[in-house]
file upload38.pdb (PDB, C-alpha atoms and all ligand atoms)
ATOM      1  CA  MET A 366     110.321 -95.289  -3.448
ATOM      2  CA  SER A 367     113.277 -97.682  -3.399
ATOM      3  CA  GLU A 368     113.148-100.934  -1.485
ATOM      4  CA  ASN A 369     115.287-101.879   1.543
ATOM      5  CA  HIS A 370     116.274-105.345   2.704
ATOM      6  CA  TYR A 371     114.970-106.459   6.081
ATOM      7  CA  THR A 372     115.251-109.619   8.134
ATOM      8  CA  PHE A 373     112.086-110.654   9.938
ATOM      9  CA  ARG A 374     113.097-112.549  13.066
ATOM     10  CA  ILE A 375     109.898-114.293  14.113
ATOM     11  CA  GLN A 376     109.229-116.310  17.235
ATOM     12  CA  ARG A 377     107.678-119.585  16.081
ATOM     13  CA  ASN A 378     105.675-121.323  18.817
ATOM     14  CA  ARG A 379     104.255-124.813  18.778
ATOM     15  CA  LYS A 380     102.392-126.724  21.475
ATOM     16  CA  ALA A 381     104.253-129.926  22.372
ATOM     17  CA  ALA A 382     102.439-133.169  23.237
ATOM     18  CA  ASP A 383     102.834-132.444  26.965
ATOM     19  CA  GLY A 384     101.161-129.027  26.582
ATOM     20  CA  ARG A 385     104.347-126.979  26.871
ATOM     21  CA  ILE A 386     105.110-124.366  24.223
ATOM     22  CA  ASP A 387     108.219-125.020  22.154
ATOM     23  CA  SER A 388     109.711-121.696  20.992
ATOM     24  CA  ARG A 389     112.389-121.000  18.409
ATOM     25  CA  TRP A 390     113.383-117.959  16.359
ATOM     26  CA  VAL A 391     113.281-118.181  12.580
ATOM     27  CA  GLU A 392     114.604-115.535  10.182
ATOM     28  CA  TYR A 393     112.969-114.555   6.888
ATOM     29  CA  PRO A 394     114.497-112.079   4.415
ATOM     30  CA  VAL A 395     112.129-109.558   2.814
ATOM     31  CA  SER A 396     112.471-106.481   0.611
ATOM     32  CA  ALA A 397     110.108-103.580   1.014
ATOM     33  CA  THR A 398     109.703 -99.830   0.895
ATOM     34  CA  PRO A 399     110.047 -98.211   4.363
ATOM     35  CA  THR A 400     106.324 -97.502   4.673
ATOM     36  CA  THR A 401     105.197-101.056   3.932
ATOM     37  CA  THR A 402     103.299-102.382   6.930
ATOM     38  CA  VAL A 403     104.569-105.278   9.020
ATOM     39  CA  LEU A 404     101.283-107.097   8.329
ATOM     40  CA  THR A 405     101.774-106.892   4.560
ATOM     41  CA  LEU A 406     105.227-108.442   4.957
ATOM     42  CA  LEU A 407     103.961-111.188   7.282
ATOM     43  CA  GLU A 408     101.403-112.074   4.619
ATOM     44  CA  GLU A 409     104.138-112.085   1.999
ATOM     45  CA  ILE A 410     106.240-114.454   4.118
ATOM     46  CA  LYS A 411     103.240-116.722   4.677
ATOM     47  CA  GLY A 412     102.324-116.688   0.967
ATOM     48  CA  GLU A 413     105.806-117.066  -0.508
ATOM     49  CA  GLN A 414     108.156-118.537   2.089
ATOM     50  CA  ASP A 415     106.350-120.506   4.795
ATOM     51  CA  GLY A 416     102.631-121.249   4.653
ATOM     52  CA  SER A 417     102.674-122.661   8.191
ATOM     53  CA  LEU A 418     103.356-119.258   9.795
ATOM     54  CA  THR A 419     100.321-118.467  11.948
ATOM     55  CA  PHE A 420      99.080-115.013  12.973
ATOM     56  CA  ARG A 421      95.771-113.169  13.212
ATOM     57  CA  GLN A 422      94.527-110.331  11.057
ATOM     58  CA  SER A 423      91.235-109.165   9.685
ATOM     59  CA  CYS A 424      90.444-105.506   8.925
ATOM     60  CA  ARG A 425      93.941-104.264   7.898
ATOM     61  CA  SER A 426      92.743-100.828   9.066
ATOM     62  CA  ALA A 427      93.602-100.635  12.801
ATOM     63  CA  ILE A 428      89.984-101.256  13.713
ATOM     64  CA  CYS A 429      89.470-104.915  14.651
ATOM     65  CA  GLY A 430      92.516-105.229  16.951
ATOM     66  CA  SER A 431      93.291-108.795  15.892
ATOM     67  CA  CYS A 432      96.836-108.182  14.552
ATOM     68  CA  ALA A 433      98.295-106.914  17.870
ATOM     69  CA  MET A 434     101.664-108.566  18.519
ATOM     70  CA  LYS A 435     105.093-107.733  19.945
ATOM     71  CA  ILE A 436     107.030-105.899  17.254
ATOM     72  CA  GLY A 437     110.425-104.534  18.150
ATOM     73  CA  GLY A 438     109.845-105.251  21.851
ATOM     74  CA  ARG A 439     106.562-103.335  22.138
ATOM     75  CA  THR A 440     103.021-104.484  21.414
ATOM     76  CA  ARG A 441     101.697-102.834  18.250
ATOM     77  CA  LEU A 442      99.157-103.396  15.500
ATOM     78  CA  ALA A 443     100.994-105.037  12.598
ATOM     79  CA  CYS A 444      98.640-103.395  10.095
ATOM     80  CA  LYS A 445      99.455 -99.923  11.437
ATOM     81  CA  THR A 446     103.219-100.314  11.857
ATOM     82  CA  HIS A 447     105.614 -99.281   9.097
ATOM     83  CA  VAL A 448     108.519-101.662   8.786
ATOM     84  CA  GLU A 449     111.227 -98.973   8.876
ATOM     85  CA  SER A 450     109.927 -97.559  12.177
ATOM     86  CA  VAL A 451     110.620-100.851  14.003
ATOM     87  CA  ALA A 452     113.734-102.132  12.211
ATOM     88  CA  HIS A 453     117.002-102.153  14.173
ATOM     89  CA  ASN A 454     119.939-102.564  11.793
ATOM     90  CA  GLY A 455     117.493-104.017   9.310
ATOM     91  CA  VAL A 456     116.137-106.629  11.734
ATOM     92  CA  VAL A 457     112.482-106.669  12.789
ATOM     93  CA  GLU A 458     111.809-108.898  15.787
ATOM     94  CA  ILE A 459     108.264-110.226  16.146
ATOM     95  CA  ALA A 460     106.718-112.292  18.948
ATOM     96  CA  PRO A 461     103.205-112.983  20.239
ATOM     97  CA  GLN A 462     101.567-110.727  22.820
ATOM     98  CA  ALA A 463     102.908-111.218  26.341
ATOM     99  CA  ASN A 464     100.878-112.082  29.450
ATOM    100  CA  GLN A 465      98.464-114.208  27.403
ATOM    101  CA  PRO A 466      98.515-117.931  26.566
ATOM    102  CA  VAL A 467     100.105-118.672  23.177
ATOM    103  CA  LEU A 468      98.235-120.989  20.810
ATOM    104  CA  LYS A 469     100.614-121.147  17.846
ATOM    105  CA  ASP A 470     103.343-118.857  16.512
ATOM    106  CA  LEU A 471     101.972-115.305  16.887
ATOM    107  CA  ALA A 472      98.377-116.277  17.692
ATOM    108  CA  ILE A 473      97.348-116.026  21.333
ATOM    109  CA  ASP A 474      94.275-117.202  23.227
ATOM    110  CA  ILE A 475      92.439-113.915  23.715
ATOM    111  CA  GLY A 476      89.829-115.671  25.933
ATOM    112  CA  PRO A 477      91.318-114.758  29.347
ATOM    113  CA  PHE A 478      91.586-111.129  28.222
ATOM    114  CA  PHE A 479      87.880-111.038  27.377
ATOM    115  CA  THR A 480      87.032-112.793  30.654
ATOM    116  CA  ARG A 481      88.561-109.743  32.368
ATOM    117  CA  ILE A 482      86.516-107.374  30.218
ATOM    118  CA  HIS A 483      83.305-109.273  31.058
ATOM    119  CA  ALA A 484      84.206-109.199  34.763
ATOM    120  CA  ILE A 485      83.579-105.461  34.952
ATOM    121  CA  ARG A 486      80.056-105.932  33.450
ATOM    122  CA  PRO A 487      80.517-103.933  30.235
ATOM    123  CA  TYR A 488      76.950-102.715  29.910
ATOM    124  CA  LEU A 489      74.739-100.060  31.508
ATOM    125  CA  GLU A 490      72.856-101.168  34.605
ATOM    126  CA  ASP A 491      69.696 -99.837  36.216
ATOM    127  CA  GLY A 492      70.016 -98.294  39.654
ATOM    128  CA  PRO A 493      69.818 -95.249  41.892
ATOM    129  CA  ASP A 494      72.726 -93.334  40.291
ATOM    130  CA  THR A 495      71.083 -92.835  36.896
ATOM    131  CA  ASP A 496      71.097 -89.273  35.583
ATOM    132  CA  LEU A 497      68.870 -88.853  32.573
ATOM    133  CA  VAL A 498      70.475 -85.578  31.465
ATOM    134  CA  LEU A 499      73.281 -86.386  29.047
ATOM    135  CA  GLU A 500      75.453 -83.325  28.463
ATOM    136  CA  GLN A 501      77.875 -82.935  25.572
ATOM    137  CA  SER A 502      80.911 -83.054  27.915
ATOM    138  CA  ALA A 503      79.747 -86.394  29.336
ATOM    139  CA  TYR A 504      79.289 -87.763  25.858
ATOM    140  CA  ASP A 505      82.779 -86.630  24.807
ATOM    141  CA  GLN A 506      84.422 -88.384  27.727
ATOM    142  CA  VAL A 507      82.478 -91.608  27.315
ATOM    143  CA  ASN A 508      83.040 -91.491  23.571
ATOM    144  CA  HIS A 509      86.776 -91.068  24.038
ATOM    145  CA  VAL A 510      87.207 -94.187  26.174
ATOM    146  CA  THR A 511      85.076 -96.234  23.804
ATOM    147  CA  GLN A 512      87.745 -95.764  21.134
ATOM    148  CA  CYS A 513      89.263 -98.922  22.658
ATOM    149  CA  ILE A 514      89.334-101.726  20.054
ATOM    150  CA  LEU A 515      90.109-104.461  22.634
ATOM    151  CA  CYS A 516      93.323-105.450  20.881
ATOM    152  CA  GLY A 517      95.020-106.406  24.182
ATOM    153  CA  SER A 518      98.153-104.291  23.548
ATOM    154  CA  CYS A 519      97.907-102.538  26.913
ATOM    155  CA  TYR A 520      97.514-105.835  28.754
ATOM    156  CA  SER A 521     100.411-107.370  26.839
ATOM    157  CA  ASP A 522     102.774-104.530  27.836
ATOM    158  CA  CYS A 523     101.446-104.093  31.401
ATOM    159  CA  VAL A 524     104.142-104.730  34.018
ATOM    160  CA  MET A 525     101.602-105.561  36.725
ATOM    161  CA  ALA A 526      99.922-108.180  34.515
ATOM    162  CA  GLU A 527     103.364-109.722  34.168
ATOM    163  CA  VAL A 528     103.684-109.890  37.955
ATOM    164  CA  SER A 529     100.118-110.957  38.744
ATOM    165  CA  GLN A 530      97.724-112.832  36.495
ATOM    166  CA  GLU A 531      94.975-111.803  38.915
ATOM    167  CA  PHE A 532      95.225-108.125  37.999
ATOM    168  CA  ILE A 533      92.137-107.117  36.022
ATOM    169  CA  GLY A 534      94.309-105.065  33.649
ATOM    170  CA  PRO A 535      94.241-101.629  32.005
ATOM    171  CA  ALA A 536      91.734-102.371  29.219
ATOM    172  CA  ALA A 537      89.078-103.653  31.643
ATOM    173  CA  LEU A 538      89.670-100.681  33.951
ATOM    174  CA  ALA A 539      89.389 -98.191  31.063
ATOM    175  CA  LYS A 540      86.098 -99.841  30.160
ATOM    176  CA  ALA A 541      84.982 -99.661  33.792
ATOM    177  CA  PHE A 542      85.751 -95.942  33.707
ATOM    178  CA  ARG A 543      83.497 -95.632  30.664
ATOM    179  CA  PHE A 544      80.559 -96.966  32.735
ATOM    180  CA  VAL A 545      81.387 -95.046  35.905
ATOM    181  CA  SER A 546      81.476 -91.882  33.732
ATOM    182  CA  ASP A 547      78.246 -92.452  31.861
ATOM    183  CA  PRO A 548      75.427 -90.376  33.403
ATOM    184  CA  ARG A 549      72.945 -93.090  32.374
ATOM    185  CA  GLU A 550      74.711 -95.724  34.507
ATOM    186  CA  GLY A 551      72.688 -96.590  37.607
ATOM    187  CA  GLN A 552      75.356 -98.393  39.661
ATOM    188  CA  LYS A 553      78.272 -95.951  39.709
ATOM    189  CA  GLU A 554      78.906 -96.241  43.451
ATOM    190  CA  ARG A 555      78.592-100.012  43.474
ATOM    191  CA  ARG A 556      81.030-100.203  40.592
ATOM    192  CA  LEU A 557      83.536 -97.959  42.381
ATOM    193  CA  GLU A 558      83.224-100.079  45.497
ATOM    194  CA  GLN A 559      83.970-103.236  43.489
ATOM    195  CA  LEU A 560      86.837-101.533  41.693
ATOM    196  CA  SER A 561      88.394-100.876  45.135
ATOM    197  CA  HIS A 562      88.803-104.621  45.755
ATOM    198  CA  PRO A 563      92.236-106.284  45.497
ATOM    199  CA  HIS A 564      93.603-106.791  41.948
ATOM    200  CA  MET A 565      91.468-103.956  40.611
ATOM    201  CA  MET A 566      92.178-100.219  40.208
ATOM    202  CA  TRP A 567      94.680 -99.885  43.073
ATOM    203  CA  THR A 568      96.954-102.618  41.705
ATOM    204  CA  CYS A 569      98.106-100.475  38.761
ATOM    205  CA  ALA A 570     101.720 -99.331  39.293
ATOM    206  CA  ARG A 571     101.236 -96.320  36.983
ATOM    207  CA  CYS A 572     104.157 -97.343  34.765
ATOM    208  CA  ALA A 573     102.326 -95.775  31.775
ATOM    209  CA  MET A 574     103.175 -98.668  29.452
ATOM    210  CA  CYS A 575      99.457 -98.929  28.591
ATOM    211  CA  VAL A 576      99.434 -95.274  27.521
ATOM    212  CA  GLU A 577     102.458 -95.863  25.294
ATOM    213  CA  SER A 578     101.218 -99.056  23.675
ATOM    214  CA  CYS A 579      97.560 -98.148  23.084
ATOM    215  CA  PRO A 580      97.136 -97.719  19.296
ATOM    216  CA  LYS A 581      93.982 -95.645  19.817
ATOM    217  CA  ASP A 582      95.286 -93.175  22.393
ATOM    218  CA  VAL A 583      92.726 -94.278  24.970
ATOM    219  CA  LYS A 584      95.203 -93.605  27.815
ATOM    220  CA  PRO A 585      93.979 -96.351  30.179
ATOM    221  CA  MET A 586      96.231 -95.185  33.019
ATOM    222  CA  GLU A 587      94.558 -91.772  33.070
ATOM    223  CA  ALA A 588      91.193 -93.514  33.352
ATOM    224  CA  ILE A 589      92.547 -95.572  36.266
ATOM    225  CA  VAL A 590      93.790 -92.440  38.052
ATOM    226  CA  LYS A 591      90.353 -90.842  37.634
ATOM    227  CA  LEU A 592      88.643 -93.969  38.960
ATOM    228  CA  ARG A 593      90.860 -93.796  42.044
ATOM    229  CA  THR A 594      90.112 -90.111  42.530
ATOM    230  CA  ARG A 595      86.402 -90.827  42.321
ATOM    231  CA  GLY A 596      86.722 -93.732  44.732
ATOM    232  CA  ILE A 597      88.429 -91.546  47.346
ATOM    233  CA  ALA A 598      85.900 -88.748  46.761
ATOM    234  CA  LYS A 599      83.149 -91.275  47.549
ATOM    235  CA  GLY A 600      84.862 -92.213  50.820
ATOM    236  CA  LEU A 601      86.434 -95.502  49.648
ATOM    237  CA  LYS A 602      89.640 -94.960  51.613
ATOM    238  CA  ASP A 603      90.259 -98.392  53.155
ATOM    239  CA  GLY A 604      93.033-100.601  51.874
ATOM    240  CA  PRO A 605      96.723-100.013  51.148
ATOM    241  CA  GLY A 606      96.085 -98.302  47.781
ATOM    242  CA  PRO A 607      94.044 -95.314  48.964
ATOM    243  CA  LYS A 608      96.050 -95.083  52.216
ATOM    244  CA  HIS A 609      99.284 -94.893  50.218
ATOM    245  CA  ALA A 610      97.858 -92.200  47.931
ATOM    246  CA  LEU A 611      96.560 -90.160  50.885
ATOM    247  CA  ALA A 612      99.898 -90.460  52.726
ATOM    248  CA  PHE A 613     101.664 -89.171  49.592
ATOM    249  CA  HIS A 614      99.214 -86.312  49.314
ATOM    250  CA  HIS A 615      99.667 -85.382  52.988
ATOM    251  CA  ASP A 616     103.490 -85.406  52.841
ATOM    252  CA  ILE A 617     103.743 -83.387  49.644
ATOM    253  CA  GLN A 618     101.269 -80.784  50.863
ATOM    254  CA  LYS A 619     102.885 -80.393  54.284
ATOM    255  CA  ALA A 620     106.591 -80.880  53.540
ATOM    256  CA  GLY A 621     107.075 -80.967  49.771
ATOM    257  CA  SER A 622     108.713 -84.397  50.002
ATOM    258  CA  LEU A 623     107.878 -87.914  51.149
ATOM    259  CA  ASN A 624     108.595 -89.214  54.616
ATOM    260  CA  GLU A 625     109.589 -92.651  53.369
ATOM    261  CA  PHE A 626     110.464 -93.778  56.865
ATOM    262  CA  THR A 627     106.811 -93.782  57.934
ATOM    263  CA  LEU A 628     105.198 -94.281  54.524
ATOM    264  CA  MET A 629     105.051 -98.069  54.783
ATOM    265  CA  MET A 630     103.475 -97.934  58.240
ATOM    266  CA  ARG A 631     100.831 -95.482  57.041
ATOM    267  CA  THR A 632     100.131 -97.652  53.984
ATOM    268  CA  VAL A 633      99.951-101.196  55.357
ATOM    269  CA  GLY A 634      99.914-100.695  59.157
ATOM    270  CA  ILE A 635     102.178-102.331  61.765
ATOM    271  CA  LEU A 636     101.536-105.955  60.733
ATOM    272  CA  GLY A 637     102.082-105.209  57.057
ATOM    273  CA  THR A 638     105.302-103.354  57.902
ATOM    274  CA  LEU A 639     106.580-106.303  59.941
ATOM    275  CA  GLU A 640     105.920-108.573  56.950
ATOM    276  CA  GLU A 641     108.075-106.296  54.811
ATOM    277  CA  LEU A 642     111.002-106.141  57.232
ATOM    278  CA  GLY A 643     113.017-108.520  55.012
ATOM    279  CA  THR A 644     112.704-106.087  52.099
ATOM    280  CA  ALA A 645     113.619-103.178  54.393
ATOM    281  CA  PHE A 646     116.822-104.948  55.543
ATOM    282  CA  HIS A 647     117.680-105.768  51.944
ATOM    283  CA  LEU A 648     117.316-102.082  51.002
ATOM    284  CA  MET A 649     119.358-101.022  54.040
ATOM    285  CA  LYS A 650     122.156-103.385  52.992
ATOM    286  CA  LYS A 651     122.165-101.620  49.621
ATOM    287  CA  GLY A 652     122.497 -98.261  51.393
ATOM    288  CA  LYS A 653     118.912 -97.126  50.805
ATOM    289  CA  VAL A 654     118.053 -95.866  54.265
ATOM    290  CA  PRO A 655     115.465 -93.091  54.464
ATOM    291  CA  SER A 656     116.003 -90.488  57.150
ATOM    292  CA  PRO A 657     113.659 -90.894  60.142
ATOM    293  CA  LEU A 658     113.713 -87.115  60.598
ATOM    294  CA  PRO A 659     111.013 -85.229  58.694
ATOM    295  CA  HIS A 660     112.416 -82.459  56.518
ATOM    296  CA  LYS A 661     110.811 -79.660  54.529
ATOM    297  CA  SER A 662     111.684 -78.986  50.902
ATOM    298  CA  LYS A 663     112.687 -75.607  49.524
ATOM    299  CA  GLY A 664     109.978 -73.667  47.688
ATOM    300  CA  LEU A 665     107.166 -74.809  49.976
ATOM    301  CA  GLU A 666     105.480 -71.405  49.502
ATOM    302  CA  GLU A 667     105.084 -72.146  45.772
ATOM    303  CA  LEU A 668     103.570 -75.509  46.610
ATOM    304  CA  ALA A 669     101.191 -73.879  49.099
ATOM    305  CA  LYS A 670     100.021 -71.538  46.313
ATOM    306  CA  ILE A 671      99.352 -74.497  43.996
ATOM    307  CA  TYR A 672      97.313 -76.202  46.721
ATOM    308  CA  GLU A 673      95.459 -72.946  47.357
ATOM    309  CA  ILE A 674      94.512 -72.685  43.681
ATOM    310  CA  LEU A 675      93.458 -76.328  43.586
ATOM    311  CA  GLU A 676      91.353 -75.908  46.699
ATOM    312  CA  GLU A 677      89.660 -72.837  45.194
ATOM    313  CA  HIS A 678      89.174 -74.575  41.839
ATOM    314  CA  PRO A 679      89.019 -78.299  42.607
ATOM    315  CA  LEU A 680      89.327 -80.691  39.695
ATOM    316  CA  ASP A 681      85.928 -81.981  38.790
ATOM    317  CA  VAL A 682      86.180 -85.688  39.421
ATOM    318  CA  GLU A 683      82.841 -86.297  37.793
ATOM    319  CA  THR A 684      82.320 -86.329  34.054
ATOM    320  CA  LYS A 685      84.370 -83.640  32.359
ATOM    321  CA  ALA A 686      85.422 -83.974  28.743
ATOM    322  CA  LYS A 687      88.520 -81.799  28.738
ATOM    323  CA  GLU A 688      90.152 -83.874  31.459
ATOM    324  CA  VAL A 689      90.799 -86.779  29.117
ATOM    325  CA  VAL A 690      90.238 -85.681  25.542
ATOM    326  CA  PRO A 691      93.651 -84.829  24.011
ATOM    327  CA  GLU A 692      94.156 -81.255  22.790
TER     328      GLU A 692
HETATM  329  S1  LIG A 701      94.048-106.265  11.082
HETATM  330 FE1  LIG A 701      92.488-105.287  12.235
HETATM  331  S2  LIG A 701      93.624-104.027  13.595
HETATM  332 FE2  LIG A 701      95.141-104.879  12.322
END
call {"tool": "encode", "arguments": {"input": "upload38.pdb", "output": "structure tokens", "more": "lines below"}}
Ligand code: FES
result
Amino acid sequence: MSENHYTFRIQRNRKAADGRIDSRWVEYPVSATPTTTVLTLLEEIKGEQDGSLTFRQSCRSAICGSCAMKIGGRTRLACKTHVESVAHNGVVEIAPQANQPVLKDLAIDIGPFFTRIHAIRPYLEDGPDTDLVLEQSAYDQVNHVTQCILCGSCYSDCVMAEVSQEFIGPAALAKAFRFVSDPREGQKERRLEQLSHPHMMWTCARCAMCVESCPKDVKPMEAIVKLRTRGIAKGLKDGPGPKHALAFHHDIQKAGSLNEFTLMMRTVGILGTLEELGTAFHLMKKGKVPSPLPHKSKGLEELAKIYEILEEHPLDVETKAKEVVPE
């Protein structure tokens, strides 16, 4: 296969004496076949052009997760990414993972990410919810979520992590789902109750960036949605998150569309709505004024049929392999 010329535009980061990170972009020319991995070319640059370039790698097989970095604007494993797939006009832009402290160049401090993983207690606990019968379907679901290699890609691309450093993040929540789903776990209800606290499962904005960036197809967002469903099924309906979801559900079932005029009130109550009046006025100034009059969508009969079917055959919110295992 013939070789192409690429320019690697790499963000070089260095900690200054006052603790701030000094960033600059440096370009390195490389030649490679289209299927050469980005990691191979980073090693070539380090070996032949600039030995001070710092990045992490270990297994070279998409297993250890250490080479996750921003490549072409999205977090990917360098050892799994072919150079041609991320080159724009021959330029490959590389930066460290986002939402995590940078140590040097492309190496980040993965410590805070693992603190989040430890916060959900990633081990089976004794307790009253233990079921000693382990069916194949339960195993499949648990097995699927444990494909996570803790590379941090989902956290790096998560828009809510960008907004709030307190958010526990998609990887920790996917791991929490693994324990809530395991029949052997004894503290399922206690876990769900803790996952209902602020900055946990209800903080996710369902942007699906974690689904897109996960190199192992773990689909953290789907796990988060299932955790929420289980929480509501167990009666954990307090707080803006579940109230918002239930208000959505009510409107769609009854009218086929949202009543945005009252949605805020039903989500955060009167006080919360008053606090958001500034935002409401801002939206009104931009012409985004929801109608106060409830209206029904066309095709409500179809919707009623869907609800009827779902009520006759409710989704099993407990362990069920085919809900999450890809076809
Ligand atoms: S080097 Fe291990 S995942 Fe890339």
call {"tool": "residues_near_ligand", "arguments": {"input": "upload38.pdb", "ligand": "ligand LIG 701 (chain A)", "cutoff": "6 Å", "atoms": "all atoms listed in the file", "output": "PDB file with C-alpha atoms, keeping the file's coordinate frame"}}
result
ATOM      1  CA  GLN A 422      94.527-110.331  11.057  1.00  0.00           C
ATOM      2  CA  SER A 423      91.235-109.165   9.685  1.00  0.00           C
ATOM      3  CA  CYS A 424      90.444-105.506   8.925  1.00  0.00           C
ATOM      4  CA  ARG A 425      93.941-104.264   7.898  1.00  0.00           C
ATOM      5  CA  SER A 426      92.743-100.828   9.066  1.00  0.00           C
ATOM      6  CA  ALA A 427      93.602-100.635  12.801  1.00  0.00           C
ATOM      7  CA  ILE A 428      89.984-101.256  13.713  1.00  0.00           C
ATOM      8  CA  CYS A 429      89.470-104.915  14.651  1.00  0.00           C
ATOM      9  CA  GLY A 430      92.516-105.229  16.951  1.00  0.00           C
ATOM     10  CA  SER A 431      93.291-108.795  15.892  1.00  0.00           C
ATOM     11  CA  CYS A 432      96.836-108.182  14.552  1.00  0.00           C
ATOM     12  CA  LEU A 442      99.157-103.396  15.500  1.00  0.00           C
ATOM     13  CA  ALA A 443     100.994-105.037  12.598  1.00  0.00           C
ATOM     14  CA  CYS A 444      98.640-103.395  10.095  1.00  0.00           C
TER      15      CYS A 444
END
call {"tool": "closest_residue", "arguments": {"input": "upload38.pdb", "among": "A:Thr627, A:Ser561, A:Ser622, A:Asn378", "to": "A:Lys602", "atoms": "all atoms listed in the file"}}
result
A:Ser561
call {"tool": "residues_near_point", "arguments": {"input": "upload38.pdb", "point": "(111.3, -93.8, 3.0)", "cutoff": "12 Å", "atoms": "all atoms listed in the file", "output": "compact mmCIF listing (two decimals) with C-alpha atoms, in the coordinates of the input"}}
result
# COMPACT_ATOMS: atom_id res chain seq x y z
CA MET A 366 110.32 -95.29 -3.45
CA SER A 367 113.28 -97.68 -3.40
CA GLU A 368 113.15 -100.93 -1.48
CA ASN A 369 115.29 -101.88 1.54
CA ALA A 397 110.11 -103.58 1.01
CA THR A 398 109.70 -99.83 0.90
CA PRO A 399 110.05 -98.21 4.36
CA THR A 400 106.32 -97.50 4.67
CA THR A 401 105.20 -101.06 3.93
CA HIS A 447 105.61 -99.28 9.10
CA VAL A 448 108.52 -101.66 8.79
CA GLU A 449 111.23 -98.97 8.88
CA SER A 450 109.93 -97.56 12.18
call {"tool": "atom_distance", "arguments": {"input": "upload38.pdb", "atom1": "atom CA of A:Gln465", "atom2": "atom CA of A:Cys513"}}
result
18.5 Å
call {"tool": "resolve_selection", "arguments": {"input": "upload38.pdb", "expression": "the PyMOL selection byres (((chain A and resi 488-502) around 7) and not hetatm)", "output": "PyMOL selection string"}}
result
chain A and resi 486-487+503-506+544+548-553+685-686
call {"tool": "residues_around", "arguments": {"input": "upload38.pdb", "residues": "stretch 649-659 of chain A", "least_positions_apart": "5", "cutoff": "7 Å", "atoms": "only C-alpha atoms", "output": "ChimeraX atom specification"}}
result
/A:624-626
call {"tool": "closest_residue", "arguments": {"input": "upload38.pdb", "among": "A:Pro535, A:Pro461, A:Gly416, A:Gly438", "to": "A:Ile475", "atoms": "all atoms listed in the file"}}
result
A:Pro461
call {"tool": "resolve_selection", "arguments": {"input": "upload38.pdb", "expression": "the PyMOL selection byres (((chain A and resi 472) around 7) and not hetatm)", "output": "ChimeraX atom specification"}}
result
/A:419-421,461,467-471,473-474
call {"tool": "build_atoms", "arguments": {"input": "upload38.pdb", "residues": "stretch 515-527 of chain A", "atoms": "N, CA and C atoms", "output": "PDB file, in the coordinates of the input"}}
result
ATOM      1  N   LEU A 515      89.914-103.182  21.936  1.00  0.00           N
ATOM      2  CA  LEU A 515      90.109-104.461  22.634  1.00  0.00           C
ATOM      3  C   LEU A 515      91.173-105.334  21.955  1.00  0.00           C
ATOM      4  N   CYS A 516      92.258-104.707  21.563  1.00  0.00           N
ATOM      5  CA  CYS A 516      93.323-105.450  20.881  1.00  0.00           C
ATOM      6  C   CYS A 516      94.212-106.191  21.877  1.00  0.00           C
ATOM      7  N   GLY A 517      94.199-105.747  23.160  1.00  0.00           N
ATOM      8  CA  GLY A 517      95.020-106.406  24.182  1.00  0.00           C
ATOM      9  C   GLY A 517      96.424-105.841  24.298  1.00  0.00           C
ATOM     10  N   SER A 518      96.781-104.826  23.506  1.00  0.00           N
ATOM     11  CA  SER A 518      98.153-104.291  23.548  1.00  0.00           C
ATOM     12  C   SER A 518      98.521-103.802  24.950  1.00  0.00           C
ATOM     13  N   CYS A 519      97.602-103.090  25.583  1.00  0.00           N
ATOM     14  CA  CYS A 519      97.907-102.538  26.913  1.00  0.00           C
ATOM     15  C   CYS A 519      98.151-103.661  27.915  1.00  0.00           C
ATOM     16  N   TYR A 520      97.356-104.717  27.824  1.00  0.00           N
ATOM     17  CA  TYR A 520      97.514-105.835  28.754  1.00  0.00           C
ATOM     18  C   TYR A 520      98.825-106.568  28.487  1.00  0.00           C
ATOM     19  N   SER A 521      99.177-106.682  27.220  1.00  0.00           N
ATOM     20  CA  SER A 521     100.411-107.370  26.839  1.00  0.00           C
ATOM     21  C   SER A 521     101.648-106.634  27.362  1.00  0.00           C
ATOM     22  N   ASP A 522     101.602-105.306  27.395  1.00  0.00           N
ATOM     23  CA  ASP A 522     102.774-104.530  27.836  1.00  0.00           C
ATOM     24  C   ASP A 522     102.713-104.130  29.310  1.00  0.00           C
ATOM     25  N   CYS A 523     101.641-104.524  30.000  1.00  0.00           N
ATOM     26  CA  CYS A 523     101.446-104.093  31.401  1.00  0.00           C
ATOM     27  C   CYS A 523     102.401-104.826  32.342  1.00  0.00           C
ATOM     28  N   VAL A 524     103.177-104.082  33.127  1.00  0.00           N
ATOM     29  CA  VAL A 524     104.142-104.730  34.018  1.00  0.00           C
ATOM     30  C   VAL A 524     103.440-105.425  35.185  1.00  0.00           C
ATOM     31  N   MET A 525     102.296-104.909  35.614  1.00  0.00           N
ATOM     32  CA  MET A 525     101.602-105.561  36.725  1.00  0.00           C
ATOM     33  C   MET A 525     100.944-106.863  36.285  1.00  0.00           C
ATOM     34  N   ALA A 526     100.485-106.923  35.032  1.00  0.00           N
ATOM     35  CA  ALA A 526      99.922-108.180  34.515  1.00  0.00           C
ATOM     36  C   ALA A 526     101.014-109.246  34.452  1.00  0.00           C
ATOM     37  N   GLU A 527     102.233-108.787  34.215  1.00  0.00           N
ATOM     38  CA  GLU A 527     103.364-109.722  34.168  1.00  0.00           C
ATOM     39  C   GLU A 527     103.620-110.304  35.557  1.00  0.00           C
TER      40      GLU A 527
END
